[in-house]
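To keep things clear, I will list the structure first and then write my remarks on it.
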Amino acid sequence: MTIQILFNRLSVLLGIFLLGVACQDRSQTKTNQQDKPLRTWQPKYATGFQITYYDDYKVIHQKTVDKKYWLGSSADSSKSEKYIYLAKVPSKTVLLSTIIVAWFDMLEQEKCIVGFSGSNYLYNPKLKIAVQNTQIKEISSANGSGLNKELLLSLQPEAIFTFYDPSNESTQAILDILKLPVIYTSEQMEASPLAQAEWLVFIASFFNQEDKAIGLFNKIENNYLAIKKRVRTQNSKTVFCNIPYKDVWYTPSGKSFPAQLIQDAGGDYCFKDLTGRPSVPLSLENVLVKGLNADLWLVNSSLHHTKQQLRAEQEVFQKLKVYRTNQMYNPTKRINGNGNDFFETGITSPDLVLQDLVNIIEGRTDSLYFYQPITSN
């Protein structure tokens, strides 16, 4: 009898053990399935990010700064150091870049913006009103040198959208201290206008709006390529751009997106052979030697509207051919206070900029969207 009872107990224990092993196997199988990628979306032009989809979450990899964002189901604690975890779509956000504002506008996500840094430079009329009505808080510090940490925390944002700027040590230090999810863009590092514009999908992925963003981008891409195809002239006019800042002329390299825009518009960029980072610091003399007999000058400054203002900046500008022929243009047609839509919509919708440049190069300057001629007075 005792042996029989012992045998029965052993049978029960063995059954429990086997059931546990089976449950563990099923649990392990489910975990493995969850961790197995269903698909990875690679941008067509942009190189700085990708999105990998899993069973109940996705990982958005920001390659430029090597940040991985886990959006969805609870992150595995063993992997927490590898990811910035967002349990759900952020409903309260803070933005530190006007370009990101334009993407939020395209995705109709303005309602989730609770704070902004540098609202004085916003163009977006709706958001300017929201700032004036304090629906969106200005979070810059009183002296404008960084962020108001206390105000920022009081807003309880679920995510902060910005671009990585190691040169701004005070702001970066605050972002590191806050321990809030900071989502970095780096569209400015892309080499082509369409690559920059494709970062719309990166922003959209945090709101589960990838399909909408891809549809919007496809329209921009198709329009851009159609305009490029219709260009009637190639290398017909030589072009240089920007203006010196404290005697340093930050000039786009030949592989930068401004150079690509000029080329796609049919222009001959004076510095197409310039190598290096997207923007290369050159001396005033260096640029003026090449720009002396150029046909067009894209000044790209919100501060210069007349020839007199340019002459006051540097008297030597009078010697330029473009100064004498009045072939200087500035993207100052869409201004709202200190805000300039060229630095919002102009980056996110490069097809509109390309059409302006084509019109300028081909001499049709009566229907420009962003640019206008610099006047004589």
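By convention in this document, the chains of the structure tokens carry letters A, B, ... by their order, each chain's residues are numbered from 1, and ligands are numbered from 1 in the order they are shown.
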Segment 35-114 of chain A: which residues are helix (DSSP H, G or I) by DSSP, as a list in words?
Asp35, Ser77, Ser78, Lys79, Thr98, Ile99, Ile100, Val101, Ala102, Trp103, Phe104, Asp105, Met106, Glu110, Lys111 and Cys112 of chain A
Shell of 10 Å around segment 308-314 of chain A, only C-alpha atoms, local chain residues under 3 positions omitted, as a PDB file with C-alpha atoms, in the first residue's frame:
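What follows is the written file around10.pdb:
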```
ATOM      1  CA  ILE A 243      25.971  85.036 -46.853  1.00  0.00           C
ATOM      2  CA  PRO A 244      28.946  85.364 -44.481  1.00  0.00           C
ATOM      3  CA  TYR A 245      28.478  85.320 -40.734  1.00  0.00           C
ATOM      4  CA  ASP A 247      33.526  86.925 -41.845  1.00  0.00           C
ATOM      5  CA  LEU A 284      34.906  85.847 -47.670  1.00  0.00           C
ATOM      6  CA  VAL A 299      21.288  84.833 -50.285  1.00  0.00           C
ATOM      7  CA  LEU A 303      17.739  89.782 -42.493  1.00  0.00           C
ATOM      8  CA  HIS A 304      18.591  91.156 -45.928  1.00  0.00           C
ATOM      9  CA  HIS A 305      15.815  92.583 -48.078  1.00  0.00           C
ATOM     10  CA  PHE A 317      29.330  93.048 -52.670  1.00  0.00           C
ATOM     11  CA  GLN A 318      28.889  95.982 -55.078  1.00  0.00           C
ATOM     12  CA  TYR A 323      24.622  93.019 -57.611  1.00  0.00           C
ATOM     13  CA  ILE A 374      16.221  91.608 -53.362  1.00  0.00           C
ATOM     14  CA  THR A 375      15.032  95.117 -54.142  1.00  0.00           C
ATOM     15  CA  SER A 376      16.997  98.234 -54.911  1.00  0.00           C
ATOM     16  CA  ASN A 377      15.642 100.152 -51.921  1.00  0.00           C
TER      17      ASN A 377
END
```
Would you kindly return, as JSON, numbers by chain, each protein, DNA or RNA residue with an atom no farther than 12 Å from any atom of Ile100 of chain A, considering only C-alpha atoms and excluding same-chain residues fewer than 4 positions away?
{"A": [93, 94, 95, 96, 104, 105, 106, 107, 109, 110, 113, 116, 117, 122, 124, 160, 161, 162, 163, 183, 184, 185, 186, 187, 188, 196, 197, 199, 200, 201, 202, 203, 204, 343, 344, 345, 346, 347, 348]}
As an exercise, work out the distance from atom CA of Ile51 of chain A to atom CA of Ser205 of chain A in Å and give it to one decimal place.
7.9 Å
To one decimal place in Å, what is the distance between atom CA of Ile214 of chain A and atom CA of Thr40 of chain A?
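These two atoms are separated by 14.6 Å.
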Leu180 of chain A proximity check over A:Ile84, A:Ser140, A:Ile262, A:Leu127, using only C-alpha atoms: winner is A:Ile84
